[in-house]
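Novice: Sharing coords.pdb here; it has PDB, C-alpha atoms and all ligand atoms.
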MODEL        1
ATOM      1  CA  MET A   1     -14.044  25.235 -11.548
ATOM      2  CA  THR A   2     -10.403  24.651 -12.371
ATOM      3  CA  GLU A   3      -9.051  21.198 -11.779
ATOM      4  CA  GLN A   4      -5.973  20.906  -9.636
ATOM      5  CA  VAL A   5      -2.833  20.016 -11.580
ATOM      6  CA  ILE A   6      -1.377  16.593 -10.825
ATOM      7  CA  ASN A   7       2.412  16.507 -11.020
ATOM      8  CA  ARG A   8       4.274  13.442 -12.233
ATOM      9  CA  LEU A   9       7.886  12.563 -12.926
ATOM     10  CA  LYS A  10       8.653  14.289 -16.224
ATOM     11  CA  ASP A  11      11.998  12.853 -17.283
ATOM     12  CA  PRO A  12      13.476   9.800 -15.489
ATOM     13  CA  GLU A  13      16.890  10.713 -16.932
ATOM     14  CA  ASN A  14      16.771  14.151 -15.398
ATOM     15  CA  ILE A  15      15.017  14.086 -12.016
ATOM     16  CA  THR A  16      14.683  17.498 -10.388
ATOM     17  CA  GLU A  17      15.158  18.142  -6.679
ATOM     18  CA  THR A  18      11.435  18.874  -6.256
ATOM     19  CA  GLU A  19      10.554  15.589  -7.962
ATOM     20  CA  GLN A  20      12.955  13.644  -5.733
ATOM     21  CA  LYS A  21      11.078  14.909  -2.674
ATOM     22  CA  HIS A  22       7.528  14.560  -4.018
ATOM     23  CA  VAL A  23       7.141  11.658  -6.439
ATOM     24  CA  PRO A  24       5.575   8.836  -4.366
ATOM     25  CA  VAL A  25       7.717   5.715  -4.054
ATOM     26  CA  ILE A  26       5.530   2.584  -4.081
ATOM     27  CA  GLU A  27       6.920  -0.553  -2.456
ATOM     28  CA  SER A  28       4.966  -3.754  -3.017
ATOM     29  CA  ASP A  29       5.159  -7.279  -4.293
ATOM     30  CA  ASP A  30       5.230  -7.432  -8.097
ATOM     31  CA  VAL A  31       2.786 -10.333  -8.100
ATOM     32  CA  MET A  32      -0.341 -10.553  -5.927
ATOM     33  CA  THR A  33      -2.775 -13.434  -5.622
ATOM     34  CA  ALA A  34      -6.525 -12.962  -5.548
ATOM     35  CA  GLU A  35      -7.992 -13.384  -2.049
ATOM     36  CA  GLY A  36      -4.589 -12.658  -0.467
ATOM     37  CA  LYS A  37      -3.465  -9.671   1.628
ATOM     38  CA  PHE A  38      -0.541  -7.565   0.481
ATOM     39  CA  LYS A  39       1.240  -4.730   2.236
ATOM     40  CA  VAL A  40       1.981  -1.675   0.135
ATOM     41  CA  THR A  41       4.151   1.133   1.487
ATOM     42  CA  VAL A  42       4.091   4.576  -0.109
ATOM     43  CA  THR A  43       6.821   7.060   0.825
ATOM     44  CA  LEU A  44       7.550  10.615  -0.299
ATOM     45  CA  GLY A  45       9.887  10.691  -1.852
ATOM     46  CA  GLU A  46      13.148   9.139  -2.878
ATOM     47  CA  VAL A  47      14.686  11.943  -0.807
ATOM     48  CA  PRO A  48      12.470  12.231   2.332
ATOM     49  CA  HIS A  49      10.066  15.150   2.253
ATOM     50  CA  VAL A  50      10.079  17.430   5.326
ATOM     51  CA  MET A  51       7.225  17.237   7.876
ATOM     52  CA  GLN A  52       7.142  20.784   9.308
ATOM     53  CA  ASP A  53       4.266  23.051  10.343
ATOM     54  CA  ASP A  54       4.592  25.237   7.268
ATOM     55  CA  HIS A  55       5.529  22.498   4.794
ATOM     56  CA  TYR A  56       4.348  18.912   4.957
ATOM     57  CA  ILE A  57       2.584  16.082   3.137
ATOM     58  CA  GLU A  58      -1.129  16.335   3.971
ATOM     59  CA  TRP A  59      -2.296  12.914   2.807
ATOM     60  CA  ILE A  60      -1.384   9.880   0.698
ATOM     61  CA  GLU A  61      -3.870   7.820  -1.304
ATOM     62  CA  LEU A  62      -3.547   4.444  -2.978
ATOM     63  CA  HIS A  63      -5.618   3.068  -5.856
ATOM     64  CA  LEU A  64      -5.623  -0.289  -7.600
ATOM     65  CA  GLY A  65      -6.876   0.401 -11.105
ATOM     66  CA  ASN A  66      -9.884   2.621 -10.474
ATOM     67  CA  ILE A  67     -10.553   1.159  -7.018
ATOM     68  CA  LYS A  68      -9.589   3.384  -4.109
ATOM     69  CA  ILE A  69      -7.724   1.349  -1.509
ATOM     70  CA  GLY A  70      -7.536   4.160   1.025
ATOM     71  CA  ARG A  71      -6.271   7.542   2.127
ATOM     72  CA  VAL A  72      -3.961   8.200   5.066
ATOM     73  CA  GLU A  73      -4.142  11.707   6.552
ATOM     74  CA  LEU A  74      -0.805  13.019   7.783
ATOM     75  CA  SER A  75       0.178  15.955   9.959
ATOM     76  CA  PRO A  76       3.405  17.895  10.613
ATOM     77  CA  SER A  77       3.865  15.895  13.817
ATOM     78  CA  ASP A  78       4.290  12.676  11.813
ATOM     79  CA  GLU A  79       7.873  11.568  11.634
ATOM     80  CA  LYS A  80       7.886  10.902   7.918
ATOM     81  CA  ALA A  81       5.721  11.142   4.842
ATOM     82  CA  GLU A  82       4.794   7.494   4.652
ATOM     83  CA  ALA A  83       1.584   5.477   4.501
ATOM     84  CA  ILE A  84       1.026   1.746   4.756
ATOM     85  CA  PHE A  85      -1.906   0.110   2.979
ATOM     86  CA  THR A  86      -3.249  -3.425   2.679
ATOM     87  CA  VAL A  87      -4.343  -4.479  -0.794
ATOM     88  CA  GLU A  88      -6.735  -7.419  -0.989
ATOM     89  CA  PRO A  89      -7.342  -8.216  -4.653
ATOM     90  CA  THR A  90     -10.445 -10.320  -5.261
ATOM     91  CA  GLU A  91     -11.312 -12.849  -7.960
ATOM     92  CA  GLU A  92     -13.986 -10.379  -8.999
ATOM     93  CA  ILE A  93     -11.383  -7.688  -9.739
ATOM     94  CA  VAL A  94      -9.362 -10.155 -11.800
ATOM     95  CA  GLY A  95     -12.488 -11.226 -13.680
ATOM     96  CA  ILE A  96     -13.698  -7.720 -14.467
ATOM     97  CA  ARG A  97     -10.267  -6.578 -15.560
ATOM     98  CA  ALA A  98      -9.714  -9.678 -17.697
ATOM     99  CA  TYR A  99     -13.077  -9.143 -19.370
ATOM    100  CA  GLU A 100     -12.212  -5.516 -20.142
ATOM    101  CA  ILE A 101      -8.814  -6.387 -21.583
ATOM    102  CA  CYS A 102     -10.187  -9.244 -23.666
ATOM    103  CA  HIS A 103     -13.073  -7.331 -25.163
ATOM    104  CA  ILE A 104     -11.451  -3.959 -25.639
ATOM    105  CA  ARG A 105      -7.889  -4.738 -26.579
ATOM    106  CA  GLY A 106      -8.038  -8.343 -27.718
ATOM    107  CA  VAL A 107      -5.289  -9.466 -25.395
ATOM    108  CA  ASN A 108      -4.907 -13.149 -24.659
ATOM    109  CA  VAL A 109      -6.482 -12.932 -21.235
ATOM    110  CA  CYS A 110     -10.144 -13.615 -20.639
ATOM    111  CA  GLY A 111     -12.555 -14.160 -17.770
ATOM    112  CA  ASP A 112     -14.377 -16.776 -19.854
ATOM    113  CA  CYS A 113     -11.444 -19.021 -20.599
ATOM    114  CA  GLY A 114      -9.733 -19.518 -17.277
ATOM    115  CA  THR A 115      -7.831 -16.334 -16.569
ATOM    116  CA  LYS A 116      -4.489 -16.782 -14.905
ATOM    117  CA  ALA A 117      -3.391 -13.208 -14.374
ATOM    118  CA  VAL A 118      -4.058  -9.602 -15.240
ATOM    119  CA  ILE A 119      -1.755  -6.622 -15.158
ATOM    120  CA  MET A 120      -3.058  -3.704 -13.115
ATOM    121  CA  LYS A 121      -1.716  -0.399 -11.920
ATOM    122  CA  LEU A 122      -1.131   0.599  -8.330
ATOM    123  CA  LYS A 123      -1.434   4.362  -8.284
ATOM    124  CA  ALA A 124      -0.292   6.595  -5.439
ATOM    125  CA  LEU A 125      -1.498  10.189  -5.096
ATOM    126  CA  ALA A 126      -0.212  12.578  -2.448
ATOM    127  CA  SER A 127      -0.709  16.201  -1.498
ATOM    128  CA  CYS A 128       1.978  18.626  -0.321
ATOM    129  CA  ASN A 129       0.579  21.791   1.267
ATOM    130  CA  VAL A 130       3.129  23.856  -0.685
ATOM    131  CA  HIS A 131       3.842  21.873  -3.867
ATOM    132  CA  GLY A 132       0.414  20.432  -4.703
ATOM    133  CA  LEU A 133      -0.595  16.983  -5.926
ATOM    134  CA  TRP A 134       1.884  14.272  -6.937
ATOM    135  CA  GLU A 135       1.213  10.944  -8.569
ATOM    136  CA  SER A 136       3.134   7.835  -9.512
ATOM    137  CA  SER A 137       2.213   4.302 -10.448
ATOM    138  CA  LYS A 138       3.564   0.795 -10.457
ATOM    139  CA  GLN A 139       2.447  -2.251 -12.413
ATOM    140  CA  VAL A 140       1.432  -5.349 -10.496
ATOM    141  CA  GLU A 141       0.340  -8.729 -11.750
ATOM    142  CA  ILE A 142      -2.784 -10.113 -10.087
ATOM    143  CA  MET A 143      -3.023 -13.894 -10.292
ATOM    144  CA  SER A 144      -6.304 -15.707 -10.103
ATOM    145  CA  LYS A 145      -6.441 -18.597  -7.677
ATOM    146  CA  LYS A 146      -8.895 -20.426  -9.876
ATOM    147  CA  VAL A 147      -7.729 -23.108 -12.245
ATOM    148  CA  GLY A 148      -9.055 -22.292 -15.673
ATOM    149  CA  GLU A 149     -11.677 -24.620 -17.055
ATOM    150  CA  GLY A 150     -14.040 -22.244 -18.789
ATOM    151  CA  LYS A 151     -14.855 -22.150 -22.442
ATOM    152  CA  GLU A 152     -12.200 -21.293 -24.980
ATOM    153  CA  CYS A 153     -11.767 -17.577 -25.585
ATOM    154  CA  ARG A 154     -11.599 -16.462 -29.180
ATOM    155  CA  TRP A 155      -8.434 -14.496 -28.439
ATOM    156  CA  HIS A 156      -6.726 -17.605 -27.118
ATOM    157  CA  ALA A 157      -3.703 -18.725 -29.110
TER     158      ALA A 157
HETATM  159 FE    FE B   1       6.684  19.971  -0.697
ENDMDL
END
So, in terms of structure tokens, how does the structure I just supplied come out?

Specialist:
Amino acid sequence: MTEQVINRLKDPENITETEQKHVPVIESDDVMTAEGKFKVTVTLGEVPHVMQDDHYIEWIELHLGNIKIGRVELSPSDEKAEAIFTVEPTEEIVGIRAYEICHIRGVNVCGDCGTKAVIMKLKALASCNVHGLWESSKQVEIMSKKVGEGKECRWHA
């Protein structure tokens, strides 16, 4: 089975017309707090993609790290290629991510020592019935609501 190619922006200095219409634009807060609710809007693209019977965006998906937030199915009758999602980061996500970063990369963030924030990626994936799959991502900072009082992490400065 051949895997479907996922298209991404190749050169930010030289954006093609096809990329302008297909690279998902992710609008969200740059910082999110655990246990909060955050609206994320994904639009295709910077130049609006058409929504016609023979050429339209079939669906848009949003992921936070490797967690799927959702998929919105679209049809040619939709006015524009846009999907609105609600991201609800949990303390558990922050903890797991902090643990991974600390133990794999040795970054000064750790679930054991009172994590304050982790950097994660919001990833949007969308499908055009003519031009295939398109992906883009945006970094967000997820803040823990907990005040750190755990044991000292060995990566801590
Ligand atoms: Fe297209």

Novice: What does the list of residues within 10 Å of ligand FE 1 (chain B) look like if you count all atoms listed in the file, written as a count of residues only?

Specialist: 22

Novice: Out of A:Ser77, A:Asn7, A:Ser136, A:Ser144, which residue has the shortest atom-to-atom distance to Val118 (chain A) when counting all atoms listed in the file?

Specialist: A:Ser144

Novice: Which one is closest to Gln139 (chain A): A:Glu17, A:Glu3, A:Glu73, A:Asp29? Count all atoms listed in the file.

Specialist: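 Among A:Glu17, A:Glu3, A:Glu73, A:Asp29, it is A:Asp29 that comes nearest to Gln139 (chain A).
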
Novice: Calculate how many Å separate CA of Glu141 (chain A) from CA of Val40 (chain A), rounding to one decimal.

Specialist: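 Computing it gives 13.9 Å between the two atoms.
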
Novice: Just give me the residues with any atom within 12 Å of (-9.7, -7.4, -4.4), file coordinates, counting all atoms listed in the file, written as a ChimeraX atom specification.

Specialist: /A:32-38,63-69,86-97,120,142-144

Novice: Take the residues from that selection and write them out as an mmCIF file, keeping the file's coordinate frame, keeping C-alpha atoms.

Specialist:
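File produced: again-v2.cif:
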data_model
loop_
_atom_site.group_PDB
_atom_site.id
_atom_site.type_symbol
_atom_site.label_atom_id
_atom_site.label_comp_id
_atom_site.auth_asym_id
_atom_site.auth_seq_id
_atom_site.Cartn_x
_atom_site.Cartn_y
_atom_site.Cartn_z
ATOM 1 C CA MET A 32 -0.341 -10.553 -5.927
ATOM 2 C CA THR A 33 -2.775 -13.434 -5.622
ATOM 3 C CA ALA A 34 -6.525 -12.962 -5.548
ATOM 4 C CA GLU A 35 -7.992 -13.384 -2.049
ATOM 5 C CA GLY A 36 -4.589 -12.658 -0.467
ATOM 6 C CA LYS A 37 -3.465 -9.671 1.628
ATOM 7 C CA PHE A 38 -0.541 -7.565 0.481
ATOM 8 C CA HIS A 63 -5.618 3.068 -5.856
ATOM 9 C CA LEU A 64 -5.623 -0.289 -7.600
ATOM 10 C CA GLY A 65 -6.876 0.401 -11.105
ATOM 11 C CA ASN A 66 -9.884 2.621 -10.474
ATOM 12 C CA ILE A 67 -10.553 1.159 -7.018
ATOM 13 C CA LYS A 68 -9.589 3.384 -4.109
ATOM 14 C CA ILE A 69 -7.724 1.349 -1.509
ATOM 15 C CA THR A 86 -3.249 -3.425 2.679
ATOM 16 C CA VAL A 87 -4.343 -4.479 -0.794
ATOM 17 C CA GLU A 88 -6.735 -7.419 -0.989
ATOM 18 C CA PRO A 89 -7.342 -8.216 -4.653
ATOM 19 C CA THR A 90 -10.445 -10.320 -5.261
ATOM 20 C CA GLU A 91 -11.312 -12.849 -7.960
ATOM 21 C CA GLU A 92 -13.986 -10.379 -8.999
ATOM 22 C CA ILE A 93 -11.383 -7.688 -9.739
ATOM 23 C CA VAL A 94 -9.362 -10.155 -11.800
ATOM 24 C CA GLY A 95 -12.488 -11.226 -13.680
ATOM 25 C CA ILE A 96 -13.698 -7.720 -14.467
ATOM 26 C CA ARG A 97 -10.267 -6.578 -15.560
ATOM 27 C CA MET A 120 -3.058 -3.704 -13.115
ATOM 28 C CA ILE A 142 -2.784 -10.113 -10.087
ATOM 29 C CA MET A 143 -3.023 -13.894 -10.292
ATOM 30 C CA SER A 144 -6.304 -15.707 -10.103
#

Novice: Smallest atom-to-atom distance to Ala83 (chain A): which of A:Val42, A:Val25, A:Leu62, A:Ile119, using only C-alpha atoms?

Specialist: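 Comparing A:Val42, A:Val25, A:Leu62, A:Ile119 against Ala83 (chain A), the winner is A:Val42.
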
Novice: Between A:Ala117, A:Ile60, A:Ala126, A:Ile15, which has the minimum distance to Val140 (chain A) (counting only C-alpha atoms)?

Specialist: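 Closest to Val140 (chain A), using only C-alpha atoms: A:Ala117.
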
Novice: Find the distance between CA of Val47 (chain A) and CA of Asn14 (chain A) and write it in Å to one decimal.

Specialist: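 It comes out at 14.9 Å.
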